[in-house]
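Chemist: Data file coords_11.pdb (PDB, C-alpha atoms, pLDDT in the B column) is appended below.
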```
ATOM      1  CA  MET L  28      24.301 102.658 -85.058  1.00 53.00           C
ATOM      2  CA  ARG L  29      21.029 100.841 -85.051  1.00 57.00           C
ATOM      3  CA  SER L  30      20.955  97.033 -85.537  1.00 54.00           C
ATOM      4  CA  SER L  31      18.190  95.140 -87.218  1.00 55.00           C
ATOM      5  CA  PRO L  32      16.039  92.579 -85.371  1.00 54.00           C
ATOM      6  CA  PHE L  33      17.273  89.963 -87.851  1.00 51.00           C
ATOM      7  CA  ALA L  34      20.896  90.510 -86.866  1.00 49.00           C
ATOM      8  CA  PHE L  35      19.985  90.165 -83.187  1.00 48.00           C
ATOM      9  CA  ALA L  36      18.088  86.902 -83.861  1.00 46.00           C
ATOM     10  CA  ALA L  37      21.005  85.523 -85.884  1.00 47.00           C
ATOM     11  CA  ILE L  38      23.434  86.230 -83.038  1.00 49.00           C
ATOM     12  CA  CYS L  39      21.115  84.495 -80.510  1.00 46.00           C
ATOM     13  CA  LEU L  40      20.670  81.441 -82.718  1.00 45.00           C
ATOM     14  CA  LEU L  41      24.375  81.046 -83.537  1.00 44.00           C
ATOM     15  CA  PRO L  42      25.209  79.079 -80.327  1.00 45.00           C
ATOM     16  CA  LEU L  43      22.296  76.725 -80.980  1.00 42.00           C
ATOM     17  CA  ALA L  44      23.536  75.979 -84.463  1.00 45.00           C
ATOM     18  CA  ALA L  45      26.990  75.172 -83.096  1.00 46.00           C
ATOM     19  CA  CYS L  46      25.470  72.512 -80.799  1.00 46.00           C
ATOM     20  CA  GLY L  47      23.645  70.751 -83.590  1.00 47.00           C
ATOM     21  CA  GLY L  48      26.080  67.803 -83.663  1.00 44.00           C
ATOM     22  CA  ALA L  49      25.170  64.120 -83.454  1.00 47.00           C
ATOM     23  CA  ASP L  50      22.769  63.021 -80.721  1.00 42.00           C
ATOM     24  CA  PRO L  51      24.725  61.124 -77.996  1.00 39.00           C
ATOM     25  CA  VAL L  52      21.870  58.619 -77.537  1.00 38.00           C
ATOM     26  CA  ALA L  53      21.431  55.985 -80.228  1.00 40.00           C
ATOM     27  CA  ASN L  54      18.100  56.090 -82.044  1.00 46.00           C
ATOM     28  CA  GLY L  55      17.252  52.494 -81.042  1.00 44.00           C
ATOM     29  CA  ALA L  56      18.110  52.947 -77.352  1.00 38.00           C
ATOM     30  CA  ASN L  57      15.456  52.024 -74.817  1.00 38.00           C
ATOM     31  CA  GLU L  58      15.078  55.080 -72.604  1.00 39.00           C
ATOM     32  CA  THR L  59      12.793  53.484 -70.001  1.00 36.00           C
ATOM     33  CA  VAL L  60      13.548  51.129 -67.158  1.00 38.00           C
ATOM     34  CA  ALA L  61      11.017  48.965 -65.346  1.00 39.00           C
ATOM     35  CA  LEU L  62      11.167  48.436 -61.587  1.00 39.00           C
ATOM     36  CA  PRO L  63      12.121  44.919 -60.481  1.00 40.00           C
ATOM     37  CA  ALA L  64       9.125  42.735 -59.668  1.00 42.00           C
ATOM     38  CA  ASP L  65       9.952  42.761 -55.932  1.00 41.00           C
ATOM     39  CA  ALA L  66      10.046  46.577 -55.840  1.00 40.00           C
ATOM     40  CA  ASN L  67       6.625  46.748 -57.485  1.00 40.00           C
ATOM     41  CA  ALA L  68       5.222  44.322 -54.890  1.00 40.00           C
ATOM     42  CA  ALA L  69       6.711  46.282 -51.991  1.00 41.00           C
ATOM     43  CA  ALA L  70       5.043  49.465 -53.252  1.00 41.00           C
ATOM     44  CA  LYS L  71       1.543  48.004 -52.855  1.00 41.00           C
ATOM     45  CA  PRO L  72      -0.457  49.340 -49.887  1.00 42.00           C
ATOM     46  CA  LYS L  73      -0.297  47.241 -46.756  1.00 46.00           C
ATOM     47  CA  GLN L  74      -3.294  46.408 -44.581  1.00 45.00           C
ATOM     48  CA  PRO L  75      -3.027  47.184 -40.857  1.00 44.00           C
ATOM     49  CA  SER L  76      -3.415  44.356 -38.354  1.00 43.00           C
ATOM     50  CA  PRO L  77      -6.663  44.325 -36.339  1.00 45.00           C
ATOM     51  CA  ASP L  78      -4.755  44.856 -33.064  1.00 43.00           C
ATOM     52  CA  GLY L  79      -2.923  47.947 -34.386  1.00 43.00           C
ATOM     53  CA  SER L  80       0.504  46.284 -34.598  1.00 42.00           C
ATOM     54  CA  PRO L  81       2.590  46.581 -37.781  1.00 45.00           C
ATOM     55  CA  PRO L  82       0.942  44.560 -40.562  1.00 43.00           C
ATOM     56  CA  ASP L  83       2.318  41.097 -41.237  1.00 46.00           C
ATOM     57  CA  ASN L  84       2.842  41.806 -44.906  1.00 40.00           C
ATOM     58  CA  ALA L  85       4.823  44.995 -44.070  1.00 41.00           C
ATOM     59  CA  VAL L  86       7.251  43.054 -41.912  1.00 37.00           C
ATOM     60  CA  ALA L  87       7.770  40.496 -44.656  1.00 35.00           C
ATOM     61  CA  ALA L  88       8.078  43.080 -47.435  1.00 36.00           C
ATOM     62  CA  ALA L  89      11.418  44.602 -46.432  1.00 38.00           C
ATOM     63  CA  PRO L  90      13.500  41.416 -46.165  1.00 40.00           C
ATOM     64  CA  ALA L  91      11.810  39.841 -49.192  1.00 36.00           C
ATOM     65  CA  ALA L  92      12.644  42.837 -51.366  1.00 41.00           C
ATOM     66  CA  LEU L  93      16.233  42.982 -50.178  1.00 42.00           C
ATOM     67  CA  GLY L  94      17.029  39.338 -49.463  1.00 45.00           C
ATOM     68  CA  ALA L  95      18.674  38.426 -46.169  1.00 50.00           C
ATOM     69  CA  PRO L  96      19.746  41.167 -43.761  1.00 55.00           C
ATOM     70  CA  ALA L  97      23.033  42.800 -44.751  1.00 62.00           C
ATOM     71  CA  ALA L  98      24.698  42.008 -41.414  1.00 76.00           C
ATOM     72  CA  ALA L  99      23.969  40.820 -37.919  1.00 89.00           C
ATOM     73  CA  LEU L 100      23.876  43.457 -35.209  1.00 93.00           C
ATOM     74  CA  PRO L 101      26.834  43.020 -32.830  1.00 94.00           C
ATOM     75  CA  ALA L 102      26.394  41.330 -29.446  1.00 94.00           C
ATOM     76  CA  PHE L 103      27.359  44.438 -27.447  1.00 93.00           C
ATOM     77  CA  LEU L 104      24.207  46.201 -28.737  1.00 95.00           C
ATOM     78  CA  LEU L 105      21.718  43.383 -28.112  1.00 96.00           C
ATOM     79  CA  GLY L 106      19.078  43.838 -25.463  1.00 96.00           C
ATOM     80  CA  ARG L 107      16.438  46.278 -24.262  1.00 95.00           C
ATOM     81  CA  TRP L 108      17.211  50.000 -24.135  1.00 96.00           C
ATOM     82  CA  GLY L 109      14.980  52.795 -22.806  1.00 94.00           C
ATOM     83  CA  LEU L 110      14.874  56.533 -23.395  1.00 94.00           C
ATOM     84  CA  THR L 111      13.487  56.864 -19.852  1.00 93.00           C
ATOM     85  CA  PRO L 112      13.481  54.434 -16.893  1.00 91.00           C
ATOM     86  CA  ALA L 113       9.708  53.982 -17.334  1.00 91.00           C
ATOM     87  CA  ASP L 114      10.302  52.556 -20.833  1.00 93.00           C
ATOM     88  CA  CYS L 115      12.063  49.584 -19.239  1.00 92.00           C
ATOM     89  CA  THR L 116       9.441  48.850 -16.590  1.00 90.00           C
ATOM     90  CA  SER L 117       6.086  49.570 -18.230  1.00 83.00           C
ATOM     91  CA  THR L 118       3.642  46.661 -18.201  1.00 82.00           C
ATOM     92  CA  LYS L 119       0.877  48.577 -20.009  1.00 79.00           C
ATOM     93  CA  GLY L 120       2.378  48.448 -23.506  1.00 76.00           C
ATOM     94  CA  ASP L 121       2.962  52.207 -23.539  1.00 78.00           C
ATOM     95  CA  ALA L 122       6.781  52.167 -23.541  1.00 84.00           C
ATOM     96  CA  LYS L 123       7.147  54.437 -26.569  1.00 90.00           C
ATOM     97  CA  GLY L 124      10.863  54.964 -25.925  1.00 92.00           C
ATOM     98  CA  LEU L 125      11.740  51.261 -25.688  1.00 93.00           C
ATOM     99  CA  LEU L 126      14.261  49.978 -28.225  1.00 94.00           C
ATOM    100  CA  VAL L 127      14.782  46.213 -28.473  1.00 95.00           C
ATOM    101  CA  ILE L 128      17.855  45.129 -30.428  1.00 96.00           C
ATOM    102  CA  ALA L 129      18.126  41.529 -31.631  1.00 96.00           C
ATOM    103  CA  ALA L 130      20.793  40.044 -33.895  1.00 93.00           C
ATOM    104  CA  ASP L 131      18.700  40.610 -37.025  1.00 94.00           C
ATOM    105  CA  GLU L 132      16.441  43.575 -36.229  1.00 96.00           C
ATOM    106  CA  ILE L 133      15.651  46.606 -34.110  1.00 96.00           C
ATOM    107  CA  ARG L 134      12.126  46.928 -32.691  1.00 95.00           C
ATOM    108  CA  PHE L 135      10.597  50.268 -31.787  1.00 93.00           C
ATOM    109  CA  TYR L 136       7.184  51.041 -30.267  1.00 90.00           C
ATOM    110  CA  GLU L 137       5.270  50.567 -33.541  1.00 91.00           C
ATOM    111  CA  SER L 138       7.933  49.755 -36.123  1.00 94.00           C
ATOM    112  CA  ARG L 139      10.862  47.522 -36.887  1.00 96.00           C
ATOM    113  CA  ALA L 140      14.119  47.967 -38.792  1.00 95.00           C
ATOM    114  CA  VAL L 141      16.486  45.522 -40.454  1.00 95.00           C
ATOM    115  CA  PRO L 142      19.997  46.309 -41.719  1.00 94.00           C
ATOM    116  CA  ALA L 143      19.877  46.573 -45.501  1.00 92.00           C
ATOM    117  CA  GLY L 144      23.388  47.547 -46.623  1.00 89.00           C
ATOM    118  CA  ASN L 145      26.208  50.094 -46.358  1.00 89.00           C
ATOM    119  CA  VAL L 146      27.320  48.445 -43.098  1.00 92.00           C
ATOM    120  CA  ASN L 147      30.153  49.854 -40.979  1.00 93.00           C
ATOM    121  CA  THR L 148      31.113  48.337 -37.646  1.00 92.00           C
ATOM    122  CA  SER L 149      33.732  48.838 -34.945  1.00 93.00           C
ATOM    123  CA  SER L 150      34.228  47.643 -31.376  1.00 93.00           C
ATOM    124  CA  THR L 151      31.758  50.277 -30.091  1.00 95.00           C
ATOM    125  CA  SER L 152      29.499  51.154 -33.014  1.00 95.00           C
ATOM    126  CA  PHE L 153      27.374  49.812 -35.852  1.00 95.00           C
ATOM    127  CA  SER L 154      25.969  51.867 -38.705  1.00 95.00           C
ATOM    128  CA  ALA L 155      24.017  50.862 -41.783  1.00 94.00           C
ATOM    129  CA  ASP L 156      21.158  51.666 -44.071  1.00 94.00           C
ATOM    130  CA  PHE L 157      18.050  50.216 -42.424  1.00 94.00           C
ATOM    131  CA  THR L 158      14.720  49.315 -43.973  1.00 95.00           C
ATOM    132  CA  PHE L 159      11.880  50.246 -41.621  1.00 94.00           C
ATOM    133  CA  THR L 160       8.325  48.916 -41.591  1.00 96.00           C
ATOM    134  CA  GLY L 161       5.462  49.914 -39.359  1.00 94.00           C
ATOM    135  CA  GLU L 162       1.984  51.394 -39.259  1.00 91.00           C
ATOM    136  CA  GLY L 163       1.377  50.258 -42.841  1.00 93.00           C
ATOM    137  CA  GLN L 164       4.412  52.045 -44.275  1.00 94.00           C
ATOM    138  CA  SER L 165       7.993  51.251 -45.332  1.00 95.00           C
ATOM    139  CA  TRP L 166      10.967  53.605 -45.495  1.00 93.00           C
ATOM    140  CA  LYS L 167      14.773  53.642 -45.360  1.00 93.00           C
ATOM    141  CA  SER L 168      17.091  55.525 -43.048  1.00 93.00           C
ATOM    142  CA  PHE L 169      20.799  55.471 -42.262  1.00 95.00           C
ATOM    143  CA  GLN L 170      21.298  54.748 -38.542  1.00 95.00           C
ATOM    144  CA  THR L 171      24.350  54.736 -36.290  1.00 96.00           C
ATOM    145  CA  LEU L 172      24.270  52.888 -32.965  1.00 96.00           C
ATOM    146  CA  GLN L 173      27.199  53.736 -30.704  1.00 97.00           C
ATOM    147  CA  LEU L 174      28.058  52.851 -27.110  1.00 96.00           C
ATOM    148  CA  GLN L 175      29.217  55.889 -25.118  1.00 94.00           C
ATOM    149  CA  ASP L 176      29.835  55.505 -21.374  1.00 90.00           C
ATOM    150  CA  LYS L 177      27.422  52.558 -20.994  1.00 91.00           C
ATOM    151  CA  ARG L 178      24.713  54.417 -22.920  1.00 96.00           C
ATOM    152  CA  LEU L 179      23.501  53.770 -26.441  1.00 96.00           C
ATOM    153  CA  VAL L 180      23.428  56.768 -28.761  1.00 97.00           C
ATOM    154  CA  ARG L 181      21.286  56.259 -31.856  1.00 96.00           C
ATOM    155  CA  THR L 182      21.786  58.811 -34.615  1.00 96.00           C
ATOM    156  CA  THR L 183      19.501  58.843 -37.623  1.00 93.00           C
ATOM    157  CA  SER L 184      19.547  60.714 -40.909  1.00 88.00           C
ATOM    158  CA  GLY L 185      16.547  62.173 -42.715  1.00 75.00           C
ATOM    159  CA  PRO L 186      15.716  63.975 -40.494  1.00 83.00           C
ATOM    160  CA  MET L 187      18.972  64.178 -38.576  1.00 91.00           C
ATOM    161  CA  ALA L 188      18.362  63.370 -34.913  1.00 94.00           C
ATOM    162  CA  SER L 189      20.131  61.746 -31.986  1.00 95.00           C
ATOM    163  CA  TYR L 190      18.653  59.747 -29.083  1.00 95.00           C
ATOM    164  CA  THR L 191      20.383  58.457 -25.927  1.00 96.00           C
ATOM    165  CA  TYR L 192      19.195  55.214 -24.317  1.00 97.00           C
ATOM    166  CA  ALA L 193      20.079  53.457 -21.047  1.00 96.00           C
ATOM    167  CA  LYS L 194      20.270  49.657 -20.920  1.00 96.00           C
ATOM    168  CA  CYS L 195      17.286  48.066 -19.197  1.00 94.00           C
ATOM    169  CA  SER L 196      18.234  45.775 -16.318  1.00 87.00           C
TER     170      SER L 196
END
```
Is it possible to express this structure as structure tokens?
Modeler:
Amino acid sequence: MRSSPFAFAAICLLPLAACGGADPVANGANETVALPADANAAAKPKQPSPDGSPPDNAVAAAPAALGAPAAALPAFLLGRWGLTPADCTSTKGDAKGLLVIAADEIRFYESRAVPAGNVNTSSTSFSADFTFTGEGQSWKSFQTLQLQDKRLVRTTSGPMASYTYAKCS
């Protein structure tokens, strides 16, 4: 038996007709959302410092947009940590694996991070969302800092990676 093209079209359109109920969004609803003023300011390009260090306005942008740091880093993490022994002893400014942890921030070779929320802490670890600034850019990353056998293991997400540091003496 041969069917007509009209019958086929009617069968295909039948499910669409069944879904023709009331629209779940009110006609007067505002379907757009503006970014907060601070978020718009943080998105502006940052100017690099003449000496190549992270720009001053980049360092100020992260805490200003988020308010005060979410939590202080615990005392057992504070200090200077190196990926290699040379990171702890370099006097030439080339210690790319040096990590300096203060109560309110982590400093890397050319960037800095402040805790920004989602904080979890224990007697040997600290993890949180961190806001990073450096080299004229800002980004966020979840970081875990954990002491394991007198070494610091830093695990980061996006991309997932793990780094092991020794405490500088």
Chemist: What's around Ala140 in chain L at 6 Å? Count all atoms listed in the file, leave out sequence neighbours fewer than 2 positions away in its own chain, and write the answer as a ChimeraX atom specification.
Modeler: /L:132-133,157-159
Chemist: Could you state the separation of CA of Val141 in chain L and CA of Tyr190 in chain L in Å, given to one decimal place?
Modeler: 18.3 Å
Chemist: Measuring atom to atom with only C-alpha atoms, identify which of L:Ala98, L:Met187, L:Cys195, L:Ala155 is nearest to Gln173 in chain L.
Modeler: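 Result for the nearest residue to Gln173 in chain L: L:Ala155.
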Chemist: Build an axis-aligned box that encloses every atom of range 126-131 of chain L listed in the file, pad it by 6 Å on each side, and report its centre and edge lengths in Å to one decimal, as AutoDock Vina command-line options.
Modeler:
```
--center_x 17.5 --center_y 45.0 --center_z -32.6 --size_x 18.5 --size_y 21.9 --size_z 20.8
```
Chemist: Expand the PyMOL selection byres ((chain L and resi 194) around 10) into the individual residues it matches in the shown file, reporting them as a list in words.
Modeler: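 Selected by the PyMOL selection byres ((chain L and resi 194) around 10) in this file: Leu104, Leu105, Gly106, Arg107, Trp108, Gly109, Leu110, Thr111, Pro112, Cys115, Leu125, Leu126, Val127, Lys177, Arg178, Leu179, Tyr192, Ala193, Cys195 and Ser196 of chain L.
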Chemist: Between CA of Ser152 in chain L and CA of Leu174 in chain L, measure the distance and give it in Å to one decimal.
Modeler: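 Atom-to-atom, CA of Ser152 in chain L to CA of Leu174 in chain L, that is 6.3 Å.
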Chemist: May I ask which of the residues L:Gln175, L:Thr160, L:Thr118, L:Ser150 is the closest one to Arg134 in chain L, counting all atoms listed in the file?
Modeler: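 Using all atoms listed in the file, the shortest distance to Arg134 in chain L belongs to L:Thr160.
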Chemist: Can you give me, as a ChimeraX atom specification, the residues this file yields under the PyMOL selection byres ((chain L and resi 100) around 6)?
Modeler: /L:99,101,130
Chemist: Could you tell me how far CA of Ser165 in chain L lies from CA of Asp121 in chain L, in Å and to one decimal?
Modeler: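 One can read the CA of Ser165 in chain L to CA of Asp121 in chain L distance as 22.4 Å.
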Chemist: What's around Phe169 in chain L at 9 Å? Count only C-alpha atoms, leave out sequence neighbours fewer than 2 positions away in its own chain, and write the answer as a list in words.
Modeler: Asn145, Ser154, Ala155, Asp156, Phe157, Thr158, Lys167, Thr171, Thr182, Thr183, Ser184 and Gly185 of chain L
Chemist: Produce a file of the selected residues containing C-alpha atoms, as a short mmCIF file (atom, residue, chain, number, x, y, z; two decimals), in the coordinates of the input.
Modeler:
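Written out: part.cif:
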```cif
data_model
loop_
_atom_site.label_atom_id
_atom_site.label_comp_id
_atom_site.auth_asym_id
_atom_site.auth_seq_id
_atom_site.Cartn_x
_atom_site.Cartn_y
_atom_site.Cartn_z
CA ASN L 145 26.21 50.09 -46.36
CA SER L 154 25.97 51.87 -38.70
CA ALA L 155 24.02 50.86 -41.78
CA ASP L 156 21.16 51.67 -44.07
CA PHE L 157 18.05 50.22 -42.42
CA THR L 158 14.72 49.32 -43.97
CA LYS L 167 14.77 53.64 -45.36
CA THR L 171 24.35 54.74 -36.29
CA THR L 182 21.79 58.81 -34.62
CA THR L 183 19.50 58.84 -37.62
CA SER L 184 19.55 60.71 -40.91
CA GLY L 185 16.55 62.17 -42.72
#
```
